[in-house]
Amino acid sequence: MAPALCRSCRSAMPVPAWASEVCEGLGPSALPSPGKGARTDLFPPPAAPVMLGHQRAPCPEPWAWRTLMGAGDVIAQQLVEQRGLQGHQGARTMKMMAIGFCFVGPVVGGWYRILDRLVPGATKVVAAKKMVLDQGGFAPCFLGCFLAITGAMNGLSVEENWSKIQQDYTDALLTNYCIWPPVQLANFYLVPLQHRLAVVQCVAIVWNCYLSWKANRM
């Protein structure tokens with residue numbers, strides 16, 4: 001059987017041609033029904049989605065973001081702040097890992113799922129739309145919530161936390177716009193669907209280092 005080309009992730013798959021349509025989000029209702037005497041193993045059950053392993057973008061799991069946030073904080077303390085092993089604040093690293101597990105992972109994972117359903121496909125226009133939604137809508141809200149949660153976990157009062165957010169928010173958002181829009185535009189258009197998460201996680205190590213330094217600078 002000749003491999004079909006998935007029009008979403010542009011990869012060849014050893015599946016029937018009709019299965020490539022599932023990657024576009026058409027669902028099992030768009031699949032043909034087997035005729036009399038046809039091989040039923042080539043057709044999925046009508047009520048079940050076809051699991052091709054890459055019809056949706058893999059989403060970041062909370063444990064992965066816990067590790068990424070912890071790694072970012074370690075880099076921030078050792079390379080940026082140059083605290084050394086004796087001066088390393090282990091409690092701060094644990095707090096950042098907790099934020100990654102309880103907040104960053106679920107929120108970012110949920111957003112990627114929503115974004116994938118809102119704007120399916122992989123054309124230039126689709127990539128631009130996804131980037132605009134991601135950076136124009138999600139990023140500003142996410143940064144504000146992240147700074148507020150970090151301040152609260154560092155024991156700041158409501159007034160102190162609000163003052164720190166006002167001090168750091170604009171710089172953090174401008175830095176975000178220097179990094180993520182070109183990364184996400186290239187990621188949404190050039191990178192195959194199944195590899196997009198790896199790109200985000202690689203860049204996130206550097207970004208989390210900055211966030212940890214910014215959020216914990218008193």
# chains A, B, ... in the order shown; residues from 1 in each chain; ligands from 1
>>> select_by_dssp(residues="stretch 137-172 of chain A", states="alpha helix (DSSP H)", output="ChimeraX atom specification")
/A:139-153,158-172
>>> closest_residue(among="A:Val119, A:Asn176, A:Leu211, A:Ala91", to="A:Leu147", atoms="only C-alpha atoms")
A:Leu211
>>> residues_around(residues="A:Gln167", least_positions_apart="2", cutoff="12 Å", atoms="only C-alpha atoms", output="list in words")
Gly144, Leu147, Ala148, Glu160, Asn161, Trp162, Ser163, Lys164, Ile165, Tyr169, Thr170, Asp171, Ala172, Leu173, Lys214, Ala215, Arg217 and Met218 of chain A
>>> write_last_selection(atoms="N, CA and C atoms", output="short mmCIF file (atom, residue, chain, number, x, y, z; two decimals), in the first residue's frame")
data_model
loop_
_atom_site.label_atom_id
_atom_site.label_comp_id
_atom_site.auth_asym_id
_atom_site.auth_seq_id
_atom_site.Cartn_x
_atom_site.Cartn_y
_atom_site.Cartn_z
N GLY A 144 1.20 37.78 33.40
CA GLY A 144 0.65 38.44 34.59
C GLY A 144 0.34 37.44 35.69
N LEU A 147 3.70 35.99 37.24
CA LEU A 147 4.35 36.90 38.17
C LEU A 147 3.58 37.00 39.48
N ALA A 148 2.24 37.01 39.41
CA ALA A 148 1.43 37.09 40.62
C ALA A 148 1.59 35.84 41.48
N GLU A 160 2.67 44.53 47.98
CA GLU A 160 4.02 44.30 47.48
C GLU A 160 4.00 43.53 46.16
N ASN A 161 3.10 42.56 46.08
CA ASN A 161 3.00 41.75 44.86
C ASN A 161 2.55 42.62 43.69
N TRP A 162 1.56 43.45 43.91
CA TRP A 162 1.05 44.32 42.85
C TRP A 162 2.13 45.31 42.40
N SER A 163 2.89 45.83 43.35
CA SER A 163 3.96 46.76 43.02
C SER A 163 5.04 46.08 42.18
N LYS A 164 5.37 44.83 42.53
CA LYS A 164 6.39 44.10 41.77
C LYS A 164 5.90 43.76 40.37
N ILE A 165 4.62 43.41 40.24
CA ILE A 165 4.06 43.12 38.92
C ILE A 165 4.14 44.37 38.04
N TYR A 169 6.30 43.66 34.80
CA TYR A 169 5.44 43.11 33.75
C TYR A 169 5.83 43.61 32.35
N THR A 170 6.00 44.91 32.21
CA THR A 170 6.29 45.46 30.88
C THR A 170 7.60 44.92 30.32
N ASP A 171 8.65 44.89 31.15
CA ASP A 171 9.94 44.37 30.69
C ASP A 171 9.82 42.89 30.29
N ALA A 172 9.09 42.12 31.11
CA ALA A 172 8.94 40.69 30.81
C ALA A 172 8.17 40.48 29.50
N LEU A 173 7.13 41.28 29.29
CA LEU A 173 6.32 41.13 28.07
C LEU A 173 7.13 41.54 26.82
N LYS A 214 13.80 37.09 36.78
CA LYS A 214 12.95 38.27 36.85
C LYS A 214 11.98 38.18 38.03
N ALA A 215 11.34 37.03 38.18
CA ALA A 215 10.31 36.90 39.20
C ALA A 215 10.88 36.85 40.61
N ARG A 217 13.79 38.36 41.59
CA ARG A 217 14.65 39.52 41.89
C ARG A 217 13.89 40.49 42.77
N MET A 218 14.35 40.68 43.97
CA MET A 218 13.68 41.54 44.94
C MET A 218 14.36 42.91 45.03
#
>>> residues_around(residues="A:Met131", least_positions_apart="3", cutoff="9 Å", atoms="only C-alpha atoms", output="MDAnalysis selection string")
chainID A and resid 126:128 134:136 180:182 184:185 188
